[in-house]
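See below for the structure under consideration.
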Amino acid sequence: MLLKRFICSGSLFVFILLLIISCGKLPDVKIEVSKLPDKLIYKVGESFDDTGMEVTVIYDNRISTINNGWEIAGFDSSIPNDALEVSVLYMMTATSFTVKITDE
């Protein structure tokens, strides 16, 4: 399902295809959340806020921080949850962190 989501994203697919053609293989890409978002506790019904979050990409041993292009998955504030895992997706790789959803 995750792979299908990225393949359907036209520009990302073209970018990866060009990398495969030029390099002969998929690039080695890893990501990490280098700075968590400022907000980690939400009330039921609130939207995700990525303010303050930084994502670091490690691409063939080069490290850079990106400000956009990644996606968030798994955030659901419809019910309380003490440890909701939120995924960060970028170039067919993912990492995650947890947030708390309260009904108070």
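To be explicit about the labels: the chains of the structure tokens are called A, B, and onward in the order shown, and within each one the residues are counted from 1, while ligands get numbers from 1 in the order they are shown.
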Name all residues at most 9 Å from segment 93-102 of chain A (count only C-alpha atoms; drop same-chain ones fewer than 5 positions away) and give them as a PDB file with N, CA and C atoms, in the first residue's frame.
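Result written to result.pdb:
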ATOM      1  N   VAL A  29      18.426   5.538   0.636  1.00  0.00           N
ATOM      2  CA  VAL A  29      17.857   6.703   1.302  1.00  0.00           C
ATOM      3  C   VAL A  29      17.312   6.284   2.660  1.00  0.00           C
ATOM      4  N   LYS A  30      17.695   7.036   3.691  1.00  0.00           N
ATOM      5  CA  LYS A  30      17.160   6.841   5.041  1.00  0.00           C
ATOM      6  C   LYS A  30      16.707   8.200   5.527  1.00  0.00           C
ATOM      7  N   ILE A  31      15.684   8.212   6.372  1.00  0.00           N
ATOM      8  CA  ILE A  31      15.234   9.477   6.951  1.00  0.00           C
ATOM      9  C   ILE A  31      15.126   9.330   8.457  1.00  0.00           C
ATOM     10  N   GLU A  32      15.199  10.465   9.128  1.00  0.00           N
ATOM     11  CA  GLU A  32      14.949  10.493  10.563  1.00  0.00           C
ATOM     12  C   GLU A  32      14.339  11.842  10.920  1.00  0.00           C
ATOM     13  N   VAL A  33      13.544  11.841  11.971  1.00  0.00           N
ATOM     14  CA  VAL A  33      13.004  13.093  12.481  1.00  0.00           C
ATOM     15  C   VAL A  33      14.079  13.646  13.405  1.00  0.00           C
ATOM     16  N   LEU A  36      11.608  16.922  16.720  1.00  0.00           N
ATOM     17  CA  LEU A  36      10.182  16.624  16.817  1.00  0.00           C
ATOM     18  C   LEU A  36       9.363  17.906  16.671  1.00  0.00           C
ATOM     19  N   LYS A  39       4.379  20.510  18.888  1.00  0.00           N
ATOM     20  CA  LYS A  39       3.170  19.981  19.523  1.00  0.00           C
ATOM     21  C   LYS A  39       3.155  18.457  19.436  1.00  0.00           C
ATOM     22  N   LEU A  40       3.113  17.802  20.600  1.00  0.00           N
ATOM     23  CA  LEU A  40       3.059  16.337  20.656  1.00  0.00           C
ATOM     24  C   LEU A  40       1.829  15.822  21.402  1.00  0.00           C
ATOM     25  N   ILE A  41       1.065  16.739  22.002  1.00  0.00           N
ATOM     26  CA  ILE A  41      -0.166  16.365  22.706  1.00  0.00           C
ATOM     27  C   ILE A  41      -1.325  17.105  22.052  1.00  0.00           C
ATOM     28  N   TYR A  42      -2.326  16.350  21.609  1.00  0.00           N
ATOM     29  CA  TYR A  42      -3.485  16.890  20.898  1.00  0.00           C
ATOM     30  C   TYR A  42      -4.760  16.545  21.640  1.00  0.00           C
ATOM     31  N   LYS A  43      -5.769  17.365  21.441  1.00  0.00           N
ATOM     32  CA  LYS A  43      -7.104  17.048  21.921  1.00  0.00           C
ATOM     33  C   LYS A  43      -7.848  16.348  20.792  1.00  0.00           C
ATOM     34  N   VAL A  44      -8.828  15.531  21.156  1.00  0.00           N
ATOM     35  CA  VAL A  44      -9.643  14.848  20.156  1.00  0.00           C
ATOM     36  C   VAL A  44     -10.180  15.875  19.161  1.00  0.00           C
ATOM     37  N   GLY A  45     -10.018  15.585  17.874  1.00  0.00           N
ATOM     38  CA  GLY A  45     -10.530  16.447  16.817  1.00  0.00           C
ATOM     39  C   GLY A  45      -9.542  17.461  16.267  1.00  0.00           C
ATOM     40  N   GLU A  46      -8.406  17.648  16.923  1.00  0.00           N
ATOM     41  CA  GLU A  46      -7.427  18.613  16.427  1.00  0.00           C
ATOM     42  C   GLU A  46      -6.673  18.060  15.221  1.00  0.00           C
ATOM     43  N   PHE A  75      -1.871   9.743  11.429  1.00  0.00           N
ATOM     44  CA  PHE A  75      -2.395  10.655  12.446  1.00  0.00           C
ATOM     45  C   PHE A  75      -3.910  10.602  12.424  1.00  0.00           C
ATOM     46  N   ASP A  76      -4.499  10.253  13.571  1.00  0.00           N
ATOM     47  CA  ASP A  76      -5.958  10.165  13.693  1.00  0.00           C
ATOM     48  C   ASP A  76      -6.334  10.658  15.089  1.00  0.00           C
ATOM     49  N   SER A  77      -6.903  11.834  15.153  1.00  0.00           N
ATOM     50  CA  SER A  77      -7.254  12.401  16.460  1.00  0.00           C
ATOM     51  C   SER A  77      -8.730  12.205  16.797  1.00  0.00           C
ATOM     52  N   SER A  78      -9.367  11.231  16.178  1.00  0.00           N
ATOM     53  CA  SER A  78     -10.805  11.033  16.417  1.00  0.00           C
ATOM     54  C   SER A  78     -11.099  10.344  17.747  1.00  0.00           C
ATOM     55  N   ILE A  79     -10.122   9.635  18.309  1.00  0.00           N
ATOM     56  CA  ILE A  79     -10.299   8.980  19.608  1.00  0.00           C
ATOM     57  C   ILE A  79      -9.023   9.153  20.440  1.00  0.00           C
ATOM     58  N   PRO A  80      -9.149   9.144  21.769  1.00  0.00           N
ATOM     59  CA  PRO A  80      -7.962   9.277  22.618  1.00  0.00           C
ATOM     60  C   PRO A  80      -6.974   8.125  22.385  1.00  0.00           C
ATOM     61  N   ASN A  81      -5.705   8.442  22.517  1.00  0.00           N
ATOM     62  CA  ASN A  81      -4.648   7.437  22.338  1.00  0.00           C
ATOM     63  C   ASN A  81      -3.404   7.954  23.068  1.00  0.00           C
ATOM     64  N   ASP A  82      -2.878   7.159  23.993  1.00  0.00           N
ATOM     65  CA  ASP A  82      -1.708   7.572  24.765  1.00  0.00           C
ATOM     66  C   ASP A  82      -0.412   7.521  23.963  1.00  0.00           C
ATOM     67  N   ALA A  83      -0.368   6.716  22.917  1.00  0.00           N
ATOM     68  CA  ALA A  83       0.864   6.576  22.129  1.00  0.00           C
ATOM     69  C   ALA A  83       0.519   6.265  20.674  1.00  0.00           C
ATOM     70  N   LEU A  84       0.060   7.279  19.958  1.00  0.00           N
ATOM     71  CA  LEU A  84      -0.288   7.120  18.550  1.00  0.00           C
ATOM     72  C   LEU A  84       0.975   7.253  17.702  1.00  0.00           C
ATOM     73  N   GLU A  85       1.272   6.243  16.918  1.00  0.00           N
ATOM     74  CA  GLU A  85       2.450   6.284  16.054  1.00  0.00           C
ATOM     75  C   GLU A  85       2.131   7.048  14.771  1.00  0.00           C
ATOM     76  N   VAL A  86       2.912   8.082  14.519  1.00  0.00           N
ATOM     77  CA  VAL A  86       2.758   8.910  13.318  1.00  0.00           C
ATOM     78  C   VAL A  86       3.952   8.630  12.419  1.00  0.00           C
ATOM     79  N   SER A  87       3.688   8.292  11.169  1.00  0.00           N
ATOM     80  CA  SER A  87       4.766   7.972  10.228  1.00  0.00           C
ATOM     81  C   SER A  87       5.122   9.178   9.379  1.00  0.00           C
ATOM     82  N   VAL A  88       6.413   9.307   9.086  1.00  0.00           N
ATOM     83  CA  VAL A  88       6.918  10.321   8.171  1.00  0.00           C
ATOM     84  C   VAL A  88       7.439   9.578   6.956  1.00  0.00           C
TER      85      VAL A  88
END
Which residues, written as a compact mmCIF listing (two decimals) with C-alpha atoms, in the first residue's frame, have at least one atom at most 7 Å from Gly52 of chain A, with only C-alpha atoms counted and residues fewer than 2 positions away on the same chain left out?
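Okay, this is what ended up in out.txt:
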# COMPACT_ATOMS: atom_id res chain seq x y z
CA LEU A 36 10.18 16.62 16.82
CA PRO A 37 7.25 18.95 16.17
CA ASP A 38 6.57 21.54 18.84
CA ASP A 50 4.22 20.01 11.97
CA GLU A 54 12.76 18.83 11.00
Subject >> Asn68 of chain A environment, 12 Å, only C-alpha atoms, sequence neighbours closer than 4 positions dropped, as a ChimeraX atom specification >> reply: /A:50-51,53-57,72,88-91
Export, as a CSV table (one decimal), in the first residue's frame, the selected residues with all heavy atoms.
chain,number,residue,atom,x,y,z
A,50,ASP,N,2.8,20.4,12.1
A,50,ASP,CA,4.2,20.0,12.0
A,50,ASP,C,5.2,21.2,12.3
A,50,ASP,O,6.4,21.0,12.0
A,50,ASP,CB,4.5,19.4,10.6
A,50,ASP,CG,4.3,20.5,9.5
A,50,ASP,OD1,4.0,21.6,9.8
A,50,ASP,OD2,4.5,20.1,8.3
A,51,THR,N,4.7,22.2,12.9
A,51,THR,CA,5.5,23.4,13.2
A,51,THR,C,6.7,22.9,14.1
A,51,THR,O,6.5,22.2,15.1
A,51,THR,CB,4.7,24.5,14.0
A,51,THR,OG1,3.6,24.9,13.1
A,51,THR,CG2,5.6,25.6,14.3
A,53,MET,N,9.1,20.8,13.3
A,53,MET,CA,9.6,19.5,12.9
A,53,MET,C,10.6,19.6,11.8
A,53,MET,O,10.5,20.4,10.9
A,53,MET,CB,8.5,18.6,12.4
A,53,MET,CG,8.9,17.2,12.2
A,53,MET,SD,7.5,16.0,12.0
A,53,MET,CE,7.4,16.0,10.3
A,54,GLU,N,11.7,18.9,12.0
A,54,GLU,CA,12.8,18.8,11.0
A,54,GLU,C,13.0,17.4,10.6
A,54,GLU,O,13.1,16.5,11.5
A,54,GLU,CB,14.1,19.4,11.5
A,54,GLU,CG,14.0,20.9,11.7
A,54,GLU,CD,15.3,21.6,12.1
A,54,GLU,OE1,16.3,20.8,12.3
A,54,GLU,OE2,15.3,22.8,12.4
A,55,VAL,N,13.1,17.1,9.3
A,55,VAL,CA,13.4,15.8,8.8
A,55,VAL,C,14.7,15.8,8.2
A,55,VAL,O,15.0,16.6,7.3
A,55,VAL,CB,12.3,15.3,7.8
A,55,VAL,CG1,12.6,14.0,7.3
A,55,VAL,CG2,10.9,15.3,8.5
A,56,THR,N,15.6,14.8,8.5
A,56,THR,CA,16.9,14.7,8.0
A,56,THR,C,16.9,13.5,7.0
A,56,THR,O,16.4,12.4,7.3
A,56,THR,CB,18.0,14.5,9.0
A,56,THR,OG1,17.9,15.6,9.9
A,56,THR,CG2,19.3,14.3,8.5
A,57,VAL,N,17.5,13.7,5.8
A,57,VAL,CA,17.6,12.7,4.8
A,57,VAL,C,19.1,12.3,4.7
A,57,VAL,O,19.9,13.2,4.6
A,57,VAL,CB,17.1,13.2,3.4
A,57,VAL,CG1,17.3,12.1,2.4
A,57,VAL,CG2,15.6,13.6,3.5
A,72,ILE,N,2.9,12.9,6.0
A,72,ILE,CA,2.6,12.3,7.3
A,72,ILE,C,1.5,11.3,7.1
A,72,ILE,O,0.6,11.5,6.4
A,72,ILE,CB,2.1,13.5,8.3
A,72,ILE,CG1,3.2,14.4,8.6
A,72,ILE,CG2,1.5,12.9,9.6
A,72,ILE,CD1,4.4,13.9,9.4
A,88,VAL,N,6.4,9.3,9.1
A,88,VAL,CA,6.9,10.3,8.2
A,88,VAL,C,7.4,9.6,7.0
A,88,VAL,O,8.3,8.7,7.1
A,88,VAL,CB,8.0,11.2,8.8
A,88,VAL,CG1,8.5,12.2,7.8
A,88,VAL,CG2,7.6,11.8,10.1
A,89,LEU,N,6.9,9.9,5.8
A,89,LEU,CA,7.3,9.2,4.5
A,89,LEU,C,8.0,10.1,3.6
A,89,LEU,O,7.6,11.2,3.4
A,89,LEU,CB,6.0,8.7,3.9
A,89,LEU,CG,5.0,8.0,4.8
A,89,LEU,CD1,3.6,7.9,4.1
A,89,LEU,CD2,5.5,6.7,5.3
A,90,TYR,N,9.1,9.6,3.0
A,90,TYR,CA,9.9,10.3,2.0
A,90,TYR,C,10.6,9.4,1.1
A,90,TYR,O,11.3,8.5,1.6
A,90,TYR,CB,10.8,11.3,2.7
A,90,TYR,CG,11.6,12.2,1.8
A,90,TYR,CD1,11.0,13.2,1.1
A,90,TYR,CD2,12.9,11.9,1.5
A,90,TYR,CE1,11.7,14.0,0.2
A,90,TYR,CE2,13.7,12.7,0.6
A,90,TYR,CZ,13.1,13.8,0.0
A,90,TYR,OH,13.8,14.5,-0.9
A,91,MET,N,10.5,9.5,-0.2
A,91,MET,CA,11.2,8.7,-1.1
A,91,MET,C,11.2,7.2,-0.8
A,91,MET,O,12.2,6.5,-0.7
A,91,MET,CB,12.7,9.1,-1.3
A,91,MET,CG,12.7,10.5,-2.0
A,91,MET,SD,14.4,10.9,-2.4
A,91,MET,CE,14.8,9.6,-3.6
**OP:** Could you jot down the atom CA of Asp103 of chain A to atom CA of Trp70 of chain A separation for me, Å, one decimal place?
**Re:** 28.6 Å
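Pairwise distance (atom CA of Met92 of chain A, atom CA of Ser34 of chain A) equals 18.3 Å.
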